[in-house]
>>> print(open('query_36.txt').read())   # compact mmCIF, C-alpha atoms
# COMPACT_ATOMS: atom_id res chain seq x y z
CA MET A 1327 -1.06 3.57 -19.87
CA ASN A 1328 0.91 1.53 -22.44
CA ASP A 1329 4.17 -0.25 -23.22
CA MET A 1330 6.50 1.05 -25.94
CA ASN A 1331 7.00 -2.53 -27.12
CA ASP A 1332 3.25 -3.15 -27.39
CA MET A 1333 2.10 -0.37 -29.73
CA ASN A 1334 -1.23 -0.76 -31.46
CA ASP A 1335 -1.41 -0.52 -35.21
CA MET A 1336 -3.51 2.36 -36.55
CA ASN A 1337 -5.66 -0.15 -38.40
CA SER A 1338 -6.84 -1.59 -35.07
CA MET A 1339 -8.08 1.85 -33.98
CA THR A 1340 -11.11 1.74 -36.22
CA ASP A 1341 -12.96 4.52 -34.40
CA LEU A 1342 -10.76 7.58 -33.94
CA GLY A 1343 -13.61 9.91 -33.15
CA ASP A 1344 -12.81 9.98 -29.43
CA TRP A 1345 -9.02 9.91 -29.76
CA THR A 1346 -6.79 12.99 -29.70
CA PRO A 1347 -3.10 13.00 -30.69
CA LEU A 1348 -0.98 14.80 -28.10
CA ALA A 1349 2.64 14.15 -29.05
CA THR A 1350 4.95 12.11 -31.20
CA ILE A 1351 6.40 9.06 -29.51
CA ASP A 1352 9.94 10.43 -29.75
CA GLU A 1353 8.93 13.82 -28.40
CA LEU A 1354 8.94 12.77 -24.74
CA GLN A 1355 11.86 11.05 -23.09
CA PRO A 1356 11.46 9.11 -19.79
CA GLY A 1357 10.67 11.63 -17.09
CA ASP A 1358 9.33 14.24 -19.53
CA ARG A 1359 5.84 15.71 -19.44
CA LYS A 1360 3.72 17.87 -21.72
CA SER A 1361 0.70 20.08 -21.07
CA GLU A 1362 -2.01 20.08 -23.73
CA LEU A 1363 -5.74 20.63 -24.22
CA VAL A 1364 -8.32 17.92 -24.91
CA ASP A 1365 -11.78 19.29 -25.68
CA ASP A 1366 -10.61 22.61 -24.21
CA GLU A 1367 -9.70 20.93 -20.91
CA PRO A 1368 -6.07 21.05 -19.65
CA VAL A 1369 -4.38 17.65 -19.51
CA LEU A 1370 -0.90 16.49 -18.62
CA LEU A 1371 0.88 13.78 -20.62
CA VAL A 1372 3.63 12.08 -18.64
CA ARG A 1373 6.19 9.49 -19.64
CA VAL A 1374 7.51 7.27 -16.84
CA GLY A 1375 10.06 4.79 -18.13
CA GLU A 1376 8.44 3.15 -21.15
CA GLU A 1377 4.88 3.97 -20.06
CA TYR A 1378 2.70 6.98 -20.82
CA PHE A 1379 0.01 8.41 -18.54
CA CYS A 1380 -2.46 11.19 -19.22
CA ILE A 1381 -4.38 12.97 -16.45
CA ASP A 1382 -6.39 16.14 -15.88
CA ASP A 1383 -3.95 18.94 -15.18
CA VAL A 1384 -5.99 20.30 -12.27
CA CYS A 1385 -5.73 19.44 -8.57
CA THR A 1386 -9.20 18.62 -7.22
CA HIS A 1387 -8.33 20.25 -3.89
CA ASP A 1388 -7.74 23.83 -5.00
CA GLY A 1389 -7.95 23.87 -8.80
CA GLN A 1390 -4.26 24.53 -9.28
CA PRO A 1391 -2.23 22.96 -12.14
CA LEU A 1392 -0.34 19.75 -11.46
CA THR A 1393 2.10 20.53 -14.28
CA ASP A 1394 5.20 21.07 -12.17
CA GLY A 1395 4.35 18.60 -9.39
CA PRO A 1396 6.98 16.02 -8.42
CA ILE A 1397 6.39 12.48 -9.67
CA ALA A 1398 7.47 9.39 -7.71
CA ASP A 1399 6.24 5.84 -7.22
CA GLY A 1400 3.52 6.21 -9.84
CA GLU A 1401 2.05 9.32 -8.19
CA ILE A 1402 2.07 13.04 -8.91
CA ALA A 1403 1.97 15.60 -6.09
CA CYS A 1404 0.30 18.99 -6.22
CA PRO A 1405 3.15 21.53 -5.93
CA ARG A 1406 1.01 23.83 -3.77
CA HIS A 1407 -0.39 21.76 -0.87
CA GLY A 1408 1.11 18.32 -1.41
CA ALA A 1409 -2.00 16.33 -2.37
CA ARG A 1410 -0.98 13.23 -4.34
CA PHE A 1411 -2.78 11.30 -7.07
CA SER A 1412 -2.20 7.98 -8.80
CA LEU A 1413 -1.11 8.52 -12.39
CA GLU A 1414 -2.87 5.32 -13.43
CA THR A 1415 -6.24 5.64 -11.67
CA GLY A 1416 -6.39 9.31 -10.65
CA GLU A 1417 -7.29 8.31 -7.09
CA PRO A 1418 -6.13 10.64 -4.28
CA THR A 1419 -3.51 8.99 -2.10
CA CYS A 1420 -2.83 11.90 0.23
CA MET A 1421 -4.92 14.70 1.70
CA PRO A 1422 -5.97 17.44 1.41
CA ALA A 1423 -7.51 16.12 -1.83
CA ILE A 1424 -10.48 13.77 -1.47
CA GLU A 1425 -11.70 13.61 -5.08
CA LYS A 1426 -9.96 11.82 -7.92
CA ILE A 1427 -8.65 13.52 -11.04
CA GLY A 1428 -9.74 12.48 -14.50
CA THR A 1429 -7.57 10.00 -16.38
CA TYR A 1430 -7.22 9.15 -20.07
CA GLU A 1431 -6.66 5.98 -22.02
CA VAL A 1432 -3.44 6.07 -24.02
CA GLN A 1433 -2.61 4.39 -27.34
CA LEU A 1434 0.59 4.54 -29.38
CA SER A 1435 0.17 4.28 -33.12
CA GLU A 1436 2.03 5.42 -36.23
CA GLY A 1437 4.54 7.34 -34.17
CA GLN A 1438 2.00 9.31 -32.17
CA VAL A 1439 0.56 9.24 -28.66
CA TRP A 1440 -3.27 9.22 -28.72
CA VAL A 1441 -5.55 9.74 -25.72
CA ARG A 1442 -9.25 9.67 -24.90
CA PRO A 1443 -11.13 10.12 -21.60
CA ALA A 1444 -11.28 7.02 -19.42
CA PRO A 1445 -14.54 6.09 -17.65
CA LEU A 1446 -14.93 7.98 -14.39
CA ALA A 1447 -15.29 6.21 -11.04
CA ASP A 1448 -16.75 7.60 -7.82
CA THR A 1449 -14.14 6.22 -5.47
CA LEU A 1450 -12.93 9.00 -3.20
CA VAL A 1451 -11.08 7.21 -0.43
CA ALA A 1452 -7.37 6.52 -0.59
CA PRO A 1453 -6.14 2.96 -0.01
CA ALA A 1454 -5.92 1.92 3.62
CA THR A 1455 -2.58 1.21 5.24
CA SER A 1456 -2.16 -2.31 6.49
CA SER A 1457 1.24 -2.63 8.13
CA THR A 1458 1.67 -3.80 11.70
CA GLN A 1459 2.98 -0.37 12.61
CA ASP A 1460 -0.12 1.30 11.21
CA GLN A 1461 -2.39 -1.04 13.17
CA ALA A 1462 -0.49 -0.34 16.37
CA ALA A 1463 -0.85 3.42 15.91
CA GLU A 1464 -4.56 3.09 15.18
CA GLN A 1465 -5.08 0.98 18.31
CA SER A 1466 -3.28 3.62 20.38
CA VAL A 1467 -5.44 6.55 19.29
CA ASP A 1468 -8.62 4.42 19.35
CA THR A 1469 -7.88 3.58 22.98
CA VAL A 1470 -7.74 7.27 23.90
CA ALA A 1471 -10.93 8.01 21.96
CA ALA A 1472 -12.71 5.12 23.70
CA THR A 1473 -12.57 6.98 27.02
CA GLU A 1474 -14.71 9.69 25.48
CA SER A 1475 -17.37 7.39 24.05
CA ASP A 1476 -17.75 5.28 27.22
CA PRO A 1477 -15.91 6.85 30.17
CA GLN A 1478 -18.07 5.08 32.76
CA SER A 1479 -17.23 1.59 31.54
CA GLU A 1480 -13.55 2.55 31.30
CA ALA A 1481 -13.48 3.75 34.88
CA GLY A 1482 -15.67 1.15 36.51
CA SER A 1483 -14.71 -2.10 34.80
CA ASP A 1484 -12.29 -4.51 36.48
CA SER A 1485 -12.56 -7.03 33.67
CA ASP A 1486 -9.62 -8.10 31.52
CA ASP A 1487 -11.90 -8.96 28.60
CA ASP A 1488 -11.30 -5.69 26.74
CA PRO A 1489 -7.77 -5.66 25.27
CA ALA A 1490 -7.98 -1.88 24.81
CA ASP A 1491 -7.79 -1.47 28.60
CA ASP A 1492 -4.17 -2.62 28.60
CA ALA A 1493 -3.26 -0.13 25.88
CA ALA A 1494 -4.76 2.92 27.63
CA PRO A 1495 -2.33 5.79 28.34
CA GLN A 1496 -0.69 5.34 31.72
CA GLU A 1497 -0.91 7.94 34.49
CA SER A 1498 -3.96 9.51 32.81
CA GLY A 1499 -7.42 8.95 34.25
CA PRO A 1500 -10.44 8.71 31.96
CA ALA A 1501 -11.63 12.20 32.79
CA ASP A 1502 -8.22 13.61 31.87
CA ALA A 1503 -8.23 11.81 28.52
CA VAL A 1504 -11.72 13.05 27.74
CA ALA A 1505 -10.78 16.61 28.66
CA MET A 1506 -7.67 16.50 26.49
CA LEU A 1507 -9.56 15.17 23.47
CA GLU A 1508 -12.24 17.81 23.91
CA ALA A 1509 -9.56 20.49 24.09
CA LEU A 1510 -7.93 19.19 20.91
CA ARG A 1511 -11.32 19.27 19.19
CA GLU A 1512 -11.09 23.04 19.39
CA VAL A 1513 -8.22 22.91 16.88
CA ILE A 1514 -9.66 23.17 13.37
CA ASP A 1515 -7.86 22.37 10.13
CA PRO A 1516 -8.21 25.70 8.25
CA GLU A 1517 -8.45 24.03 4.83
CA LEU A 1518 -10.93 21.25 5.58
CA MET A 1519 -12.71 23.03 8.47
CA ILE A 1520 -12.77 19.79 10.51
CA ASN A 1521 -11.25 19.42 13.97
CA ILE A 1522 -8.01 17.44 14.19
CA VAL A 1523 -9.50 14.70 16.41
CA ASP A 1524 -12.28 13.85 13.96
CA LEU A 1525 -9.78 14.05 11.09
CA GLY A 1526 -7.78 11.32 12.80
CA LEU A 1527 -4.61 13.37 13.17
CA ILE A 1528 -4.12 12.45 16.84
CA TYR A 1529 -2.19 9.20 17.18
CA ASP A 1530 -1.53 9.18 20.92
CA VAL A 1531 -2.11 11.30 24.04
CA ARG A 1532 -0.27 10.41 27.23
CA GLN A 1533 0.45 12.10 30.56
CA ASP A 1534 4.16 11.80 31.26
CA SER A 1535 4.02 13.44 34.69
CA ASP A 1536 1.58 15.28 36.91
CA GLU A 1537 1.52 18.41 34.76
CA VAL A 1538 3.15 17.36 31.46
CA VAL A 1539 1.36 15.66 28.55
CA THR A 1540 2.73 14.43 25.24
CA VAL A 1541 0.79 14.18 22.01
CA ASP A 1542 1.82 12.29 18.87
CA MET A 1543 0.02 13.84 15.92
CA THR A 1544 0.36 13.86 12.16
CA LEU A 1545 -0.76 15.97 9.21
CA THR A 1546 -2.93 15.19 6.21
CA SER A 1547 0.21 15.59 4.09
CA PRO A 1548 3.89 16.28 4.86
CA ALA A 1549 3.67 19.55 2.92
CA CYS A 1550 0.55 20.78 4.72
CA PRO A 1551 1.02 24.56 5.05
CA ALA A 1552 -1.14 24.62 8.17
CA GLY A 1553 1.18 22.25 10.06
CA PRO A 1554 2.94 24.80 12.30
CA GLN A 1555 -0.40 26.46 13.07
CA LEU A 1556 -2.04 23.17 14.09
CA VAL A 1557 0.89 22.18 16.29
CA GLN A 1558 0.92 25.53 18.10
CA GLN A 1559 -2.86 25.59 18.56
CA SER A 1560 -2.81 22.02 19.92
CA LYS A 1561 -0.17 22.97 22.46
CA MET A 1562 -2.10 26.05 23.55
CA ALA A 1563 -5.41 24.16 23.79
CA LEU A 1564 -3.93 21.56 26.13
CA GLU A 1565 -2.00 24.02 28.29
CA ARG A 1566 -5.22 25.88 29.02
CA LEU A 1567 -6.51 22.83 30.88
CA GLU A 1568 -6.31 22.77 34.64
CA GLY A 1569 -3.40 20.66 35.86
CA ILE A 1570 -1.41 20.85 32.60
CA THR A 1571 1.50 23.25 32.53
CA GLU A 1572 3.31 21.85 29.50
CA ALA A 1573 2.13 20.06 26.35
CA GLN A 1574 4.76 18.50 24.14
CA ILE A 1575 3.59 17.96 20.54
CA ASN A 1576 5.47 15.36 18.51
CA LEU A 1577 4.80 15.70 14.78
CA VAL A 1578 5.13 12.27 13.17
CA MET A 1579 4.62 11.05 9.61
CA THR A 1580 4.76 7.32 10.29
CA PRO A 1581 2.38 5.71 9.77
CA PRO A 1582 1.15 8.05 7.05
CA TRP A 1583 -2.34 9.47 7.44
CA THR A 1584 -5.18 8.24 5.21
CA PRO A 1585 -8.84 9.35 4.98
CA GLU A 1586 -9.90 6.07 6.63
CA ARG A 1587 -8.70 7.49 9.96
CA MET A 1588 -11.52 10.06 9.95
CA THR A 1589 -14.65 9.69 12.04
CA ASP A 1590 -17.98 9.08 10.31
CA ASP A 1591 -19.01 12.64 11.15
CA ALA A 1592 -15.93 14.07 9.43
CA ARG A 1593 -16.46 11.87 6.41
CA ASP A 1594 -20.07 13.01 6.15
CA LYS A 1595 -19.04 16.66 6.26
CA LEU A 1596 -16.55 16.10 3.45
CA GLY A 1597 -19.02 14.09 1.39
CA ILE A 1598 -17.14 10.79 1.65
CA PHE A 1599 -19.52 7.85 1.83
>>> encode(input="query_36.txt", output="structure tokens")
Amino acid sequence: MNDMNDMNDMNSMTDLGDWTPLATIDELQPGDRKSELVDDEPVLLVRVGEEYFCIDDVCTHDGQPLTDGPIADGEIACPRHGARFSLETGEPTCMPAIEKIGTYEVQLSEGQVWVRPAPLADTLVAPATSSTQDQAAEQSVDTVAATESDPQSEAGSDSDDDPADDAAPQESGPADAVAMLEALREVIDPELMINIVDLGLIYDVRQDSDEVVTVDMTLTSPACPAGPQLVQQSKMALERLEGITEAQINLVMTPPWTPERMTDDARDKLGIF
């Protein structure tokens, strides 16, 4: 990354052994991009405003080129499955990608754009959301999941000490909540091969009437091609339960999903530590 008004003189770049020229400074206008090879590896040079970024031109999710992916807010999206990466750090900011892409240092000198590989980091997890709305959604789904981990204490406690008790879904006994979560665990994301409960895609489960339940769920990315399949399978899984004749699935994208919503078991299976 660099500023057009802060170009380094060639004399300051005393060791050019690691640097590769990719373009002339005037070759790319703001919003332009260029695919090149560095040490036989495909890279993508991008100009955003007065700044240049250089990244590996390969999505770590499926190995597809990022060349034509949309760029917004300092991120580039994979045109195939919607995974997003920071142009500056290479970190994944949206599933289904969980590994960062390689990034390159950029220098401008003598009318050319020079790049060299930046040090790699092992950070795999996207930044956590921190808004009040995000926290409220997390508390809602955590309350439903709590009935599975300790159904006896949920059913038998008359204490007001646990604030999660007040947030529990109304008109749904603990056994019902456990049964619904277990049913939803049968729904597997076909790309990650993890069930949607452990992935953290279920935001809320509530019983609106005697035989009708409503689920608020999200996807790992808005462009997830498996979205319709997951919604339909969730509906079918719940409607197979005794006492449920209709399951209404609300697909929501707010708050956006992040890998931090996954259970420890899911993170272990995906190699996120």
>>> closest_residue(input="query_36.txt", among="A:Asp1382, A:Glu1414, A:Asp1590, A:Glu1517", to="Asp1366 in chain A", atoms="all atoms listed in the file")
A:Asp1382
>>> closest_residue(input="query_36.txt", among="A:Asp1594, A:Glu1565, A:Asp1352, A:Asp1530", to="Leu1577 in chain A", atoms="only C-alpha atoms")
A:Asp1530
>>> closest_residue(input="query_36.txt", among="A:Val1531, A:His1387, A:Leu1525, A:Ile1402", to="Leu1507 in chain A", atoms="only C-alpha atoms")
A:Val1531
>>> atom_distance(input="query_36.txt", atom1="CA of Arg1511 in chain A", atom2="CA of Met1543 in chain A")
13.0 Å
>>> atom_distance(input="query_36.txt", atom1="CA of Leu1556 in chain A", atom2="CA of Val1513 in chain A")
6.8 Å
